[in-house]
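Student: Got a structure for you, questions after.
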Amino acid sequence: MNELMRRLLMLPEQASTIAGPLDRLHYAEFLALNLIALVLGAAGLWFLVRYRRRPGRLATPRFTYPVWLEATFIGGLLAMFLLWFVLGYRQYLGFQVPPGEAVEVYVTAKQWMWKFANAEGPSAVGVMTVPAGRPVKLILTSRDVIHSFYVPDFRIKQDAVPGRYTTVWFEAREPGRHQILCAEYCGTGHSQMPGEVVVLSGRDYDAWLAGERVTGEGDLAAFGQRVAADQGCLGCHTVNGTRGLGPTWRDLYGSTVSLTDGSRVTADEAYLTESMMDPQAKVVAGYPPVMPSYLGILEAPETAALVQFIKSIASEAARAGAPSPTASPGTSGPATSGADGGDR
Amino acid sequence: MWEPTLRFQFEDRAKQAHAARLGMWVFLVSEMLLFGALFALYAAYRTTYPAAFAGATRLTDLTLGTANTYVLVTSSLVVALSLAAARRALGRLAGGLLALALAMGALFLVLKGVEYSAHFREGLYPGTYYRYAGMPDRGAQVFFSLYYLMTGLHALHVLIGMIVLAWLAWLALRGRFGPDGDTPLELGAMYWHFVDIIWLFLWPMFYLIH
Amino acid sequence: MSAEPDYLHATRGLGSWLTTTDHKRIGILFLWTVSAALLLGGVFAILLRLELLTPGRTFVDPMTYNRFFTLHGVIMVWMFMIPSIPTSFGNFMLPIMLGAKDVAFPRLNLASWYVYLAGAAIVLTGMVLGGTDTGWTFYTPYSSKTPADVAPVVLGVFVLGVSTIITGINFIVTTHTLRARGMTWHRMPLFVWSIYATSVIQVLATPVLGMALVLVALDHALALGVFDPAAGGDPILYQHVFWFYSHPAVYIMVLPAFAVISETVCALSHKNPASYRAIAYSSVGIAFVGFLTWGHHMFVSGMSALDVGVFSVLSMLVAIFSAIKVFAWVGTMYRGSIAFRTPMAYVIAFLVLFGVGGMTGVAVATAALDVHWHDTYFIVAHFHFIMVGGTITAFLAGLHYWFPKMFGRLYPERWGLLAAALVFGGFLLTFIPQFLLGNAGMPRRYYEYPERYQALHVLSTGGSWLIGVGLAVTVVYLVWALRYGPPSGDNPWGSKGFEWLAPSPPPPHNFHETPVITHGPHEYFRPEA
């Protein structure tokens with residue numbers, strides 16, 4: 001019955017402990033409301049046919065309904081609505097406080113990425129790793145505008161609001177992967193805020209906690225790659241030559257870039273740094289002027305590492321033909337920028 | 001004696017005057033809700049930042065604020081007297097009193113301007129422009145946003161009220177009001193009283209409640 | 001009778017229309033302008049549905065798509081839904097129904113139209129200059145940070161609000177002071193009760209929105225920071241202020257629909273209403289309780305659990321009033337003499353669609369269920385069932401019911417029924433898939449979506465074309481009928497609504513003799529005169 005109704009209503013899988021009871025309330029309301037609609041619709045249809053206008057039968061009787069009937073309708077509906085209020089509100093209260101001790105994860109949203117900081121373990125961008133069978137409490141906030149953390153499979157949703165913290169909890173029933181969506185409109189990349197909950201079994205989760213602790217500095221480009229991931233650069237800029245919300249970074253360094261105002265610049269260190277700190281100063285033709293400024297957000301070493309990382313992303317052909325590649329994403333325009341012109 | 005015209009949609013003059021008064025009341029209720037949105041914001045932010053709001057209240061100029069309260073309340077009385085004079089067909093007196101009320105409205109705006117410029121010198125700007133070194137507090141920023149928004153909106157209403165009073169004074173001097181017809185003056189007086197009453201709320205909110 | 005020309009022919013020329021203070025002509029002016037707004041908003045609806053045909057880019061980039069849905073919302077809500085029925089049919093019918101010669105303040109009434117034009121011009125200028133991408137709700141802090149230009153659209157909406165308030169004041173005063181001899185409150189047609197309740201909400205709620213919009217404009221243009229957390233502001237507070245207006249605004253949009261349906265269902269069923277008092281008082285009840293339910297838009301914003309409970313139970317209460325009305329309308333048909341003509345077809349469509357919209361409203365008022373549905377296509381479908389299924393359907397019902405009253409001509413009945421079927425079928429096809437999309441977890445305002453949702457999106461887009469065809473057909477045959485429609489006579493429906501006491505189309509001052517009211521409206525059990 002549960003499975004039939006779930007598929008009929010196209011609900012996603014019931015991956016959290018609250019999903020099952022919530023869906024059952026959903027079915028109950030759905031069926032009750034449809035029953036009322038059916039009775040009302042059948043009555044209306046019957047009246048429409050039975051009392052259709054016939055020649056010579058225009059006069060109608062004075063007819064009003066007895067008060068007891070009106071009262072029964074109103075009282076009955078009110079009782080039913082209040083019952084749903086009570087049932088729904090009880091479940092809602094259950095959504096507020098996690099049962100027992102919870103794993104705490106700090107969630108920071110920004111345009112357009114999710115950042116997860118596990119109280120016990122490592123931080124990550126876009127991927128939240130949690131154990132199955134244990135409550136997980138999320139403490140959410142936002143760096144810029146309002147976002148909303150939504151996992152349809154868990155039936156949870158909570159706004160992430162700048163300047164304040166909100167909380168929500170869930171308990172995943174089994175290991176698996178579940179999509180995170182942003183449910184509060186947050187701008188151009190609203191539909192592209194990639195996120196995933198990875199639910200591990202208890203043992204795998206402990207291994208993950210232990211293993212991921214090891215972090216090294218590595219060389220500057222590798223550090224830059226981590227910065228790019230942490231700051232969400234890669235949400236808009238790809239490294240494989242395909243077109244994102246912003247220009248790709250592949251073969252960008254040293255190329256000639258056409259700007260919105262018709263001028264051209266060479267993508268050197270100065271240009272790249274300026275584009276991070278004052279993105280609206282030079283906007284690449286064919287792209288929306290939506291990049292936020294990272295002035296005051298990126299530290300100097302991070303900026304340097306990012307530039308180094310961008311320098312390192314070059315195809316073989318571009319490396320051979322340096323310093324000025326024949327075709328680069330910056331000059332090829334939006335229609336063909338998806339095709340990797342420099343890589344033959 | 002000049003008589004007001006009866007518009008075709010009304011049965012008699014009493015109904016016409018009643019309609020005008022009712023319309024004015026409904027309009028004033030609507031106006032009240034315009035300020036109401038800001039009153040609600042004030043209440044909410046005061047709850048969020050009780051200490052900052054109490055502290056920031058001390059930064060406004062109580063003397064000038066109180067003086068302005070007297071100016072405005074007195075001008076309301078003067079407008080009420082003008083209405084009484086008009087009903088006794090004393091057009092010149094009514095017009096003179098309205099001109100006096102007009103002058104008091106102007107005095108109110110001048111005093112308000114003096115207050116504003118003193119605040120600007122100290123860096124007490126609204127919101128993100130707030131620069132006052134003596135009280136670097138987010139709550140005070142919000143307080144001064146609301147201060148300028150609410151007193152500014154009120155000052156705008158005073159200005160509109162003054163234009164209305166000037167027009168009414170002109171009509172009164174031309175003998176357009178009498179025992180049979182004083183509706184425009186009555187409505188103008190209602191509006192001026194409303195402006196006055198709003199100030200009677202702003203005064204404690206921004207000057208008195210520490 | 002007399003040779004007095006009707007209001008359409010009393011004076012001639014464009015100038016006589018642009019300077020008219022006749023409530024009927026102003027009603028017609030509004031009818032044209034809000035219809036134009038409906039079509040413009042509809043164009044944006046078709047465009048954004050087209051973009052959603054494929055999971056990725058179909059024909060515009062995300063920035064353009066975001067402008068599409070914002071303009072669709074802004075135009076539909078403020079330029080069509082809110083003014084639509086009150087300013088057109090309300091202006092035309094309300095004074096006649098009361099037995100008055102005009103509204104209380106005819107010049108203000110004309111001013112309201114010009115203010116509306118000014119507001120619309122500002123919004124459209126903002127649209128041409130690049131539009132805005134905040135969604136019709138202008139949520140802060142996004143609305144103060146977006147690179148798009150927010151101010152023109154916001155200020156345009158502010159000006160449109162002024163027009164709404166002027167009309168509201170006019171209707172309230174007219175209802176109080178210009179009722180004909182013998183017209184007690186309980187003899188007022190049901191239409192007047194609903195429009196009166198609407199006007200009360202307009203006057204009380206609109207200024208709060210106006211203030212909120214001014215603050216949004218200041219936050220965006222001057223970075224004042226009233227709602228900016230960095231400057232101590234609270235973005236959630238904006239939502240409270242916004243919904244304090246915008247939830248009652250839902251009733252501003254739907255109470256006039258109730259007004260039209262109450263009239264048409266009685267007239268076309270040739271039957272007294274099942275319960276006059278239930279229908280009349282529930283309008284007033286909605287006007288008041290509707291002010292106390294705004295928080296149900298914010299169940300997942302981080303509001304306290306107590307607030308959620310209070311807003312949830314109050315939302316259940318306000319649903320009762322609407323449910324009473326639906327039962328009363330269906331009950332009115334019982335033992336009637338029902339003429340299944342175009343207005344009745346729209347009444348049936350209304351009852352089905354508003355019924356579903358209302359019931360899903362009860363479902364989303366259930367706090368726990370709303371968590372999953374909030375900001376998904378389920379909500380989109382729910383409020384389109386209320387707004388389109390309710391208000392637009394009622395608007396079309398009123399348009400077809402009063403077309404003879406306003407212009408003295410009949411439209412082709414078969415085309416009317418065909419268009420009604422297209423709009424009804426197209427509507428179901430557009431929005432039922434959206435309920436399922438919402439269930440499946442598809443958030444609203446998404447430019448791109450996972451491929452598993454595509455089949456439902458294709459159905460929905462197809463439905464939007466059907467609605468478009470239906471409305472286009474309606475425009476064609478109604479414009480045709482304006483000129484070539486056969487004369488309707490004074491009362492083609494045999495209606496006992498008081499507006500039909502006047503000739504069709506009425507003379508400039510409505511009645512050759514001012515009527516004296518001796519009984520209630522909709523009393524079809526009285527012997528035919």
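As shown in the structure tokens, the chain order sets the letters A, B, ...; within each chain, residues go from 1, and ligands are also counted from 1 in the order they appear.
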Counting only C-alpha atoms, which residues in chain B sit no more than 8 Å from chain C? For each one, give the nearest pair of atoms and the distance in Å, sorted by chain then residue number, as JSON lines.
Tutor:
```
{"residue": "B:Phe8", "atom": "CA", "partner": "C:Lys101", "partner_atom": "CA", "distance": 7.6}
{"residue": "B:Gln9", "atom": "CA", "partner": "C:Lys101", "partner_atom": "CA", "distance": 5.2}
{"residue": "B:Phe10", "atom": "CA", "partner": "C:Leu178", "partner_atom": "CA", "distance": 7.0}
{"residue": "B:Lys15", "atom": "CA", "partner": "C:Thr177", "partner_atom": "CA", "distance": 6.8}
{"residue": "B:His18", "atom": "CA", "partner": "C:Thr177", "partner_atom": "CA", "distance": 7.7}
{"residue": "B:Ala19", "atom": "CA", "partner": "C:Val173", "partner_atom": "CA", "distance": 6.0}
{"residue": "B:Leu22", "atom": "CA", "partner": "C:Val173", "partner_atom": "CA", "distance": 6.4}
{"residue": "B:Gly23", "atom": "CA", "partner": "C:Val173", "partner_atom": "CA", "distance": 5.9}
{"residue": "B:Val26", "atom": "CA", "partner": "C:Ile169", "partner_atom": "CA", "distance": 6.3}
{"residue": "B:Phe27", "atom": "CA", "partner": "C:Ile169", "partner_atom": "CA", "distance": 6.8}
{"residue": "B:Val29", "atom": "CA", "partner": "C:Leu204", "partner_atom": "CA", "distance": 7.2}
{"residue": "B:Ser30", "atom": "CA", "partner": "C:Val203", "partner_atom": "CA", "distance": 5.4}
{"residue": "B:Glu31", "atom": "CA", "partner": "C:Pro207", "partner_atom": "CA", "distance": 7.0}
{"residue": "B:Leu33", "atom": "CA", "partner": "C:Pro207", "partner_atom": "CA", "distance": 5.9}
{"residue": "B:Leu34", "atom": "CA", "partner": "C:Pro207", "partner_atom": "CA", "distance": 4.6}
{"residue": "B:Phe35", "atom": "CA", "partner": "C:Met211", "partner_atom": "CA", "distance": 7.9}
{"residue": "B:Gly36", "atom": "CA", "partner": "C:Val208", "partner_atom": "CA", "distance": 7.1}
{"residue": "B:Ala37", "atom": "CA", "partner": "C:Val208", "partner_atom": "CA", "distance": 5.2}
{"residue": "B:Leu38", "atom": "CA", "partner": "C:Met211", "partner_atom": "CA", "distance": 7.5}
{"residue": "B:Leu41", "atom": "CA", "partner": "C:Leu237", "partner_atom": "CA", "distance": 7.5}
{"residue": "B:Ala44", "atom": "CA", "partner": "C:Leu237", "partner_atom": "CA", "distance": 8.0}
{"residue": "B:Pro126", "atom": "CA", "partner": "C:Leu224", "partner_atom": "CA", "distance": 7.0}
{"residue": "B:Gly127", "atom": "CA", "partner": "C:Leu224", "partner_atom": "CA", "distance": 5.1}
{"residue": "B:Thr128", "atom": "CA", "partner": "C:Leu224", "partner_atom": "CA", "distance": 5.6}
{"residue": "B:Tyr129", "atom": "CA", "partner": "C:Leu224", "partner_atom": "CA", "distance": 7.4}
{"residue": "B:Arg138", "atom": "CA", "partner": "C:Gly232", "partner_atom": "CA", "distance": 4.8}
{"residue": "B:Gly139", "atom": "CA", "partner": "C:Gly232", "partner_atom": "CA", "distance": 6.1}
{"residue": "B:Gln141", "atom": "CA", "partner": "C:Ala231", "partner_atom": "CA", "distance": 6.8}
{"residue": "B:Val142", "atom": "CA", "partner": "C:Gly232", "partner_atom": "CA", "distance": 6.2}
{"residue": "B:Ser145", "atom": "CA", "partner": "C:Val226", "partner_atom": "CA", "distance": 6.7}
```
Student: When you look at Ala172 (chain B) with a cut-off of 9 Å (counting only C-alpha atoms), what residues show up, excluding the ones that are within fewer than 4 positions of it in the same chain? I need them as a VMD selection string.
Tutor: chain B and resid 86 90 to 96 98 167 to 168 176 to 177 185
Student: Write to file, as a short mmCIF file (atom, residue, chain, number, x, y, z; two decimals), in the first residue's frame, the residues of the selection just made, with C-alpha atoms.
Tutor:
```
data_model
loop_
_atom_site.label_atom_id
_atom_site.label_comp_id
_atom_site.auth_asym_id
_atom_site.auth_seq_id
_atom_site.Cartn_x
_atom_site.Cartn_y
_atom_site.Cartn_z
CA ALA B 86 -14.87 79.11 9.44
CA LEU B 90 -15.21 84.37 9.93
CA GLY B 91 -13.24 83.70 6.75
CA ARG B 92 -10.41 86.14 7.38
CA LEU B 93 -9.82 84.84 10.88
CA ALA B 94 -9.91 81.25 9.66
CA GLY B 95 -7.44 82.06 6.91
CA GLY B 96 -5.13 83.88 9.30
CA LEU B 98 -4.33 78.54 8.91
CA TRP B 167 -4.55 75.95 -0.29
CA LEU B 168 -7.19 75.96 2.46
CA ARG B 176 -15.30 79.76 0.59
CA PHE B 177 -16.24 78.26 3.96
CA LEU B 185 -11.28 72.50 5.67
#
```
Student: Can you work out which one of A:Arg57, A:Lys282, A:Arg250, A:Arg243 has the shortest atom-to-atom distance to Arg264 (chain A), counting only C-alpha atoms?
Tutor: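 Using only C-alpha atoms, Arg264 (chain A) sits closest to A:Lys282.
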Student: Which residues of chain A have any atom within 6 Å of an atom in chain C when counting only C-alpha atoms, and what is the closest pair of atoms for each, with the distance in Å to one decimal? Order the rows by chain and rising number and write it as CSV.
Tutor:
```
residue,atom,partner,partner_atom,distance
A:Met10,CA,C:Ala440,CA,5.4
A:Leu11,CA,C:Ala440,CA,4.7
A:Pro12,CA,C:Ala440,CA,5.4
A:Gly44,CA,C:Val330,CA,5.8
A:Phe47,CA,C:Tyr334,CA,5.6
A:Tyr51,CA,C:Ser337,CA,5.4
A:Arg52,CA,C:Ile338,CA,4.5
A:Arg53,CA,C:Ser337,CA,4.5
A:Thr60,CA,C:Phe525,CA,5.5
A:Pro61,CA,C:Phe525,CA,5.2
A:Arg62,CA,C:Phe525,CA,5.0
A:Thr64,CA,C:Ala274,CA,5.2
A:Phe81,CA,C:Met316,CA,6.0
A:Phe85,CA,C:Thr366,CA,5.5
A:Gly88,CA,C:Ala368,CA,5.0
A:Tyr89,CA,C:Ala367,CA,5.6
A:Gln91,CA,C:Ala368,CA,5.8
A:Tyr92,CA,C:Ala368,CA,4.5
A:Val145,CA,C:Tyr142,CA,5.2
A:Pro152,CA,C:Gly441,CA,5.2
A:Arg155,CA,C:His372,CA,5.1
A:Lys157,CA,C:Val371,CA,5.9
A:Gln158,CA,C:Val300,CA,5.1
A:Asp159,CA,C:Ser301,CA,5.1
A:Gly163,CA,C:Pro229,CA,5.1
A:Thr166,CA,C:Gly302,CA,5.7
A:Ala183,CA,C:Pro443,CA,5.4
A:Thr188,CA,C:Pro62,CA,5.7
A:Ser191,CA,C:Tyr446,CA,4.8
```
Student: Include C-alpha atoms and write out the residues we just selected as a compact mmCIF listing (two decimals), in the first residue's frame.
Tutor:
```txt
# COMPACT_ATOMS: atom_id res chain seq x y z
CA MET A 10 5.67 10.14 -7.53
CA LEU A 11 7.23 10.72 -4.13
CA PRO A 12 10.96 10.04 -3.88
CA GLY A 44 -22.47 19.02 -8.80
CA PHE A 47 -27.42 18.75 -10.24
CA TYR A 51 -31.79 20.31 -12.96
CA ARG A 52 -30.78 21.42 -16.44
CA ARG A 53 -33.03 24.08 -17.88
CA THR A 60 -37.53 27.46 -9.13
CA PRO A 61 -38.65 26.84 -5.58
CA ARG A 62 -37.36 28.89 -2.70
CA THR A 64 -32.52 27.12 1.76
CA PHE A 81 -8.98 20.34 9.48
CA PHE A 85 -3.39 20.39 12.16
CA GLY A 88 0.87 17.60 11.17
CA TYR A 89 2.04 19.80 13.97
CA GLN A 91 5.22 15.53 13.33
CA TYR A 92 6.59 19.01 12.75
CA VAL A 145 21.75 35.42 0.29
CA PRO A 152 13.79 15.27 -1.14
CA ARG A 155 11.72 15.03 3.30
CA LYS A 157 14.11 21.39 4.11
CA GLN A 158 15.58 24.29 6.03
CA ASP A 159 16.49 27.79 4.96
CA GLY A 163 23.45 36.43 9.85
CA THR A 166 19.09 27.52 11.78
CA ALA A 183 15.03 25.34 -2.61
CA THR A 188 21.61 32.71 -11.65
CA SER A 191 19.39 25.32 -10.08
```
Student: What does the distance between CA of Met277 (chain A) and CA of Ala228 (chain A) come to in Å, to one decimal place?
Tutor: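 Going from CA of Met277 (chain A) over to CA of Ala228 (chain A) covers 14.4 Å.
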